[in-house]
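Source file target_37.pdb; content: PDB, C-alpha atoms.
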```
MODEL        1
ATOM      1  CA  MET A1005     -11.572 -18.156  54.794
ATOM      2  CA  TRP A1006     -13.828 -17.095  51.974
ATOM      3  CA  PHE A1007     -14.031 -18.974  48.754
ATOM      4  CA  SER A1008     -15.574 -17.720  45.622
ATOM      5  CA  ARG A1009     -16.854 -19.674  42.719
ATOM      6  CA  LYS A1010     -15.819 -18.649  39.300
ATOM      7  CA  GLN A1011     -18.862 -17.967  37.252
ATOM      8  CA  VAL A1012     -18.623 -19.685  33.936
ATOM      9  CA  ALA A1013     -20.696 -18.338  31.112
ATOM     10  CA  LYS A1014     -22.875 -21.030  29.667
ATOM     11  CA  SER A1015     -22.329 -21.598  26.004
ATOM     12  CA  PRO A1016     -25.149 -22.448  23.659
ATOM     13  CA  PRO A1017     -25.733 -26.175  23.178
ATOM     14  CA  ASP A1018     -23.513 -28.058  20.722
ATOM     15  CA  GLY A1019     -21.129 -25.113  20.380
ATOM     16  CA  GLU A1020     -23.702 -22.924  18.633
ATOM     17  CA  VAL A1021     -22.937 -19.229  18.532
ATOM     18  CA  ASP A1022     -25.533 -16.633  17.700
ATOM     19  CA  GLY A1023     -24.931 -14.556  14.543
ATOM     20  CA  ALA A1024     -24.045 -11.301  16.298
ATOM     21  CA  GLN A1025     -21.415 -12.984  18.473
ATOM     22  CA  ALA A1026     -19.844 -14.783  15.534
ATOM     23  CA  LEU A1027     -19.730 -11.613  13.455
ATOM     24  CA  SER A1028     -18.215  -9.528  16.255
ATOM     25  CA  ARG A1029     -15.470 -12.130  16.733
ATOM     26  CA  GLN A1030     -14.584 -12.161  13.059
ATOM     27  CA  ILE A1031     -14.726  -8.447  12.278
ATOM     28  CA  THR A1032     -12.245  -6.287  14.125
ATOM     29  CA  THR A1033     -10.934  -2.802  13.582
ATOM     30  CA  LYS A1034      -7.754  -4.392  12.246
ATOM     31  CA  SER A1035      -9.646  -6.503   9.706
ATOM     32  CA  ARG A1036     -11.551  -3.428   8.553
ATOM     33  CA  GLY A1037      -8.304  -1.486   8.218
ATOM     34  CA  ASP A1038      -6.605  -4.339   6.383
ATOM     35  CA  ALA A1039      -9.534  -4.560   3.940
ATOM     36  CA  ALA A1040      -9.381  -0.799   3.333
ATOM     37  CA  GLU A1041      -5.605  -0.910   2.726
ATOM     38  CA  ALA A1042      -5.963  -3.848   0.328
ATOM     39  CA  ALA A1043      -8.683  -2.027  -1.616
ATOM     40  CA  ALA A1044      -6.599   1.170  -1.683
ATOM     41  CA  LEU A1045      -3.543  -0.710  -2.920
ATOM     42  CA  ALA A1046      -5.526  -2.386  -5.716
ATOM     43  CA  TYR A1047      -7.036   0.981  -6.654
ATOM     44  CA  LEU A1048      -3.644   2.700  -6.867
ATOM     45  CA  VAL A1049      -2.018  -0.157  -8.791
ATOM     46  CA  ARG A1050      -4.844   0.054 -11.352
ATOM     47  CA  ALA A1051      -4.107   3.793 -11.556
ATOM     48  CA  GLY A1052      -0.476   3.058 -12.494
ATOM     49  CA  LEU A1053       1.398   3.350  -9.185
ATOM     50  CA  ARG A1054       3.868   0.650  -8.115
ATOM     51  CA  LEU A1055       4.073  -0.676  -4.556
ATOM     52  CA  ILE A1056       7.382  -0.145  -2.754
ATOM     53  CA  GLU A1057       6.490  -0.946   0.865
ATOM     54  CA  THR A1058       3.502  -1.412   3.163
ATOM     55  CA  ASN A1059       3.075  -0.300   6.774
ATOM     56  CA  TYR A1060       6.436   1.424   7.145
ATOM     57  CA  ARG A1061       7.002   2.296  10.807
ATOM     58  CA  THR A1062       9.666   4.370  12.453
ATOM     59  CA  PRO A1063      11.540   2.663  15.269
ATOM     60  CA  GLY A1064      10.685   3.508  18.855
ATOM     61  CA  ARG A1065       7.644   5.006  20.487
ATOM     62  CA  GLY A1066       5.942   8.141  19.320
ATOM     63  CA  GLY A1067       7.003   7.740  15.732
ATOM     64  CA  GLY A1068       4.781   7.406  12.761
ATOM     65  CA  GLU A1069       3.535   4.936  10.224
ATOM     66  CA  ILE A1070       2.963   5.135   6.502
ATOM     67  CA  ASP A1071       0.313   2.770   5.198
ATOM     68  CA  LEU A1072       1.645   2.521   1.629
ATOM     69  CA  VAL A1073       4.841   3.753   0.013
ATOM     70  CA  MET A1074       4.405   3.782  -3.762
ATOM     71  CA  ARG A1075       6.151   5.038  -6.865
ATOM     72  CA  ALA A1076       4.243   7.082  -9.440
ATOM     73  CA  PRO A1077       4.992   6.592 -13.158
ATOM     74  CA  ASP A1078       6.902   9.904 -13.197
ATOM     75  CA  GLY A1079       9.256   8.669 -10.428
ATOM     76  CA  THR A1080       7.601  10.552  -7.574
ATOM     77  CA  LEU A1081       7.658   8.693  -4.260
ATOM     78  CA  VAL A1082       4.110   8.688  -2.906
ATOM     79  CA  PHE A1083       3.404   8.287   0.807
ATOM     80  CA  VAL A1084      -0.193   7.131   1.133
ATOM     81  CA  GLU A1085      -2.429   7.336   4.182
ATOM     82  CA  VAL A1086      -5.534   5.152   3.986
ATOM     83  CA  ARG A1087      -8.482   6.189   6.134
ATOM     84  CA  GLN A1088     -11.618   4.124   6.451
ATOM     85  CA  ARG A1089     -14.881   4.967   8.125
ATOM     86  CA  SER A1090     -17.998   2.858   7.824
ATOM     87  CA  GLY A1091     -20.263   5.874   8.220
ATOM     88  CA  ALA A1092     -20.295   9.588   7.585
ATOM     89  CA  SER A1093     -20.979  10.534  11.189
ATOM     90  CA  HIS A1094     -18.184  12.463  12.896
ATOM     91  CA  GLY A1095     -17.094  13.912   9.556
ATOM     92  CA  GLY A1096     -16.255  10.718   7.703
ATOM     93  CA  ALA A1097     -12.809   9.416   6.855
ATOM     94  CA  ALA A1098     -11.337  12.773   5.817
ATOM     95  CA  ALA A1099     -12.049  14.344   9.198
ATOM     96  CA  SER A1100      -9.908  11.727  10.920
ATOM     97  CA  ILE A1101      -6.647  13.075   9.454
ATOM     98  CA  SER A1102      -5.719  15.622  12.083
ATOM     99  CA  ALA A1103      -2.700  17.916  12.159
ATOM    100  CA  VAL A1104      -1.068  15.548  14.664
ATOM    101  CA  LYS A1105      -1.629  12.594  12.320
ATOM    102  CA  GLN A1106      -0.119  14.562   9.432
ATOM    103  CA  ARG A1107       2.958  15.428  11.533
ATOM    104  CA  ARG A1108       3.484  11.744  12.355
ATOM    105  CA  ILE A1109       3.216  10.748   8.705
ATOM    106  CA  ILE A1110       5.682  13.500   7.746
ATOM    107  CA  PHE A1111       8.048  12.348  10.508
ATOM    108  CA  ALA A1112       7.905   8.770   9.190
ATOM    109  CA  ALA A1113       8.426   9.966   5.611
ATOM    110  CA  ARG A1114      11.522  11.954   6.612
ATOM    111  CA  HIS A1115      12.855   8.874   8.369
ATOM    112  CA  TYR A1116      12.159   6.763   5.274
ATOM    113  CA  LEU A1117      13.899   9.297   3.005
ATOM    114  CA  MET A1118      17.140   9.069   5.027
ATOM    115  CA  ARG A1119      17.995   5.913   3.049
ATOM    116  CA  PHE A1120      18.406   7.948  -0.151
ATOM    117  CA  ALA A1121      21.580   9.876  -0.986
ATOM    118  CA  THR A1122      19.428  12.234  -3.035
ATOM    119  CA  PRO A1123      15.752  12.122  -2.051
ATOM    120  CA  PRO A1124      13.376  11.774  -4.998
ATOM    121  CA  PRO A1125      10.424  14.101  -5.428
ATOM    122  CA  CYS A1126       7.663  13.001  -3.096
ATOM    123  CA  ARG A1127       4.097  13.792  -2.093
ATOM    124  CA  PHE A1128       1.510  12.810   0.491
ATOM    125  CA  ASP A1129      -1.702  11.267  -0.823
ATOM    126  CA  VAL A1130      -4.787  10.206   1.088
ATOM    127  CA  LEU A1131      -7.233   7.494   0.105
ATOM    128  CA  LEU A1132     -10.601   7.752   1.794
ATOM    129  CA  VAL A1133     -12.667   4.606   2.041
ATOM    130  CA  GLN A1134     -16.241   5.418   2.967
ATOM    131  CA  GLY A1135     -18.452   2.468   3.883
ATOM    132  CA  SER A1136     -17.578  -1.088   4.781
ATOM    133  CA  LEU A1137     -15.474  -3.445   2.711
ATOM    134  CA  VAL A1138     -15.772  -6.398   5.082
ATOM    135  CA  LYS A1139     -18.391  -8.996   4.169
ATOM    136  CA  GLY A1140     -21.371  -9.065   6.477
ATOM    137  CA  VAL A1141     -21.077  -5.491   7.711
ATOM    138  CA  GLN A1142     -23.726  -2.989   6.705
ATOM    139  CA  SER A1143     -22.528   0.409   5.576
ATOM    140  CA  GLU A1144     -24.625   3.544   5.428
ATOM    141  CA  GLY A1145     -24.472   3.690   1.642
ATOM    142  CA  PRO A1146     -25.151   1.027  -0.928
ATOM    143  CA  ASP A1147     -21.465   0.217  -1.399
ATOM    144  CA  ALA A1148     -18.153   1.418  -0.130
ATOM    145  CA  CYS A1149     -16.528   4.100  -2.234
ATOM    146  CA  ILE A1150     -12.902   5.140  -2.560
ATOM    147  CA  GLU A1151     -11.809   8.731  -3.004
ATOM    148  CA  TRP A1152      -8.182   9.523  -3.883
ATOM    149  CA  LEU A1153      -6.757  12.870  -2.796
ATOM    150  CA  PRO A1154      -3.334  13.299  -4.486
ATOM    151  CA  ALA A1155      -1.028  15.752  -2.715
ATOM    152  CA  ALA A1156      -3.548  16.066   0.130
ATOM    153  CA  PHE A1157      -1.014  17.821   2.383
ATOM    154  CA  ASP A1158       2.650  18.790   2.306
ATOM    155  CA  ALA A1159       5.606  18.756   4.663
ATOM    156  CA  SER A1160       6.012  22.514   4.938
TER
ENDMDL
END
```
structure tokens encoding of this file:
Amino acid sequence: MWFSRKQVAKSPPDGEVDGAQALSRQITTKSRGDAAEAAALAYLVRAGLRLIETNYRTPGRGGGEIDLVMRAPDGTLVFVEVRQRSGASHGGAAASISAVKQRRIIFAARHYLMRFATPPPCRFDVLLVQGSLVKGVQSEGPDACIEWLPAAFDAS
């Protein structure tokens, strides 16, 4: 019978962790996305929109998600997609909103609108966050910047 020994990675003395390891444990794609959504929400609230709901998801697999559902001062329901990219390679944040992604957002919006007897006017906005908003992460530019694209696409 063969036995194998489990190889245990040796940890640095006294529980020390080198800087790169500590940073990679703390900063995840989710934390970057959460930071981008928080910055986008603050930006839109300062612009006069009111938060209705965050991270609305349709039930079941294959549905869609809406990052922020907001109400504009004129009563328009605004479905907001927040896209964050730390660098401009691969087209930046705007290039990541494909036709498939748009269809999923529209699907989720239609599902959300089923709760209304008479749907209000609505639009699809995109907030692009270029650069990093998470402390300790270098971005390509001096600071992260936010670009708001009202009515970026429509449901037709």
* Near Cys1126 in chain A, counting all atoms listed in the file, which residues have an atom at most 12 Å away, once you skip same-chain residues fewer than 3 positions from it, shown as a list in words? -> Val1073, Met1074, Arg1075, Ala1076, Asp1078, Gly1079, Thr1080, Leu1081, Val1082, Phe1083, Val1084, Ile1110, Ala1113, Arg1114, Tyr1116, Leu1117, Thr1122, Pro1123, Asp1129, Pro1154, Ala1155, Phe1157, Asp1158 and Ala1159 of chain A
* Structure fact -> Correct to one decimal, the distance CA of Ile1150 in chain A-CA of Ala1043 in chain A is 8.4 Å
* To do: For CA of Arg1087 in chain A and CA of Phe1120 in chain A, determine how far apart the two atoms are, in Å to one decimal place.
  => 27.7 Å
* To do: Given the file shown, enumerate the residues that the PyMOL selection byres ((chain A and resi 1051-1055) around 8) captures and present them as a list of chain:residue names.
  => A:Leu1045, A:Tyr1047, A:Leu1048, A:Val1049, A:Arg1050, A:Ile1056, A:Glu1057, A:Thr1058, A:Leu1072, A:Val1073, A:Met1074, A:Arg1075, A:Ala1076, A:Pro1077
* Asked: Any idea what the distance is between CA of Arg1107 in chain A and CA of Arg1065 in chain A?
  ->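 Computing it gives 14.5 Å between the two atoms.
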* Given the choices A:Ala1103, A:Ala1039, A:Met1118, A:Ile1070, which gets closest to Gly1135 in chain A if the distance is worked out from all atoms listed in the file? -> A:Ala1039
* Contacts of Leu1131 in chain A at 6 Å (only C-alpha atoms; same-chain gap of 3+ positions) as a PyMOL selection string -> chain A and resi 1086+1151-1152
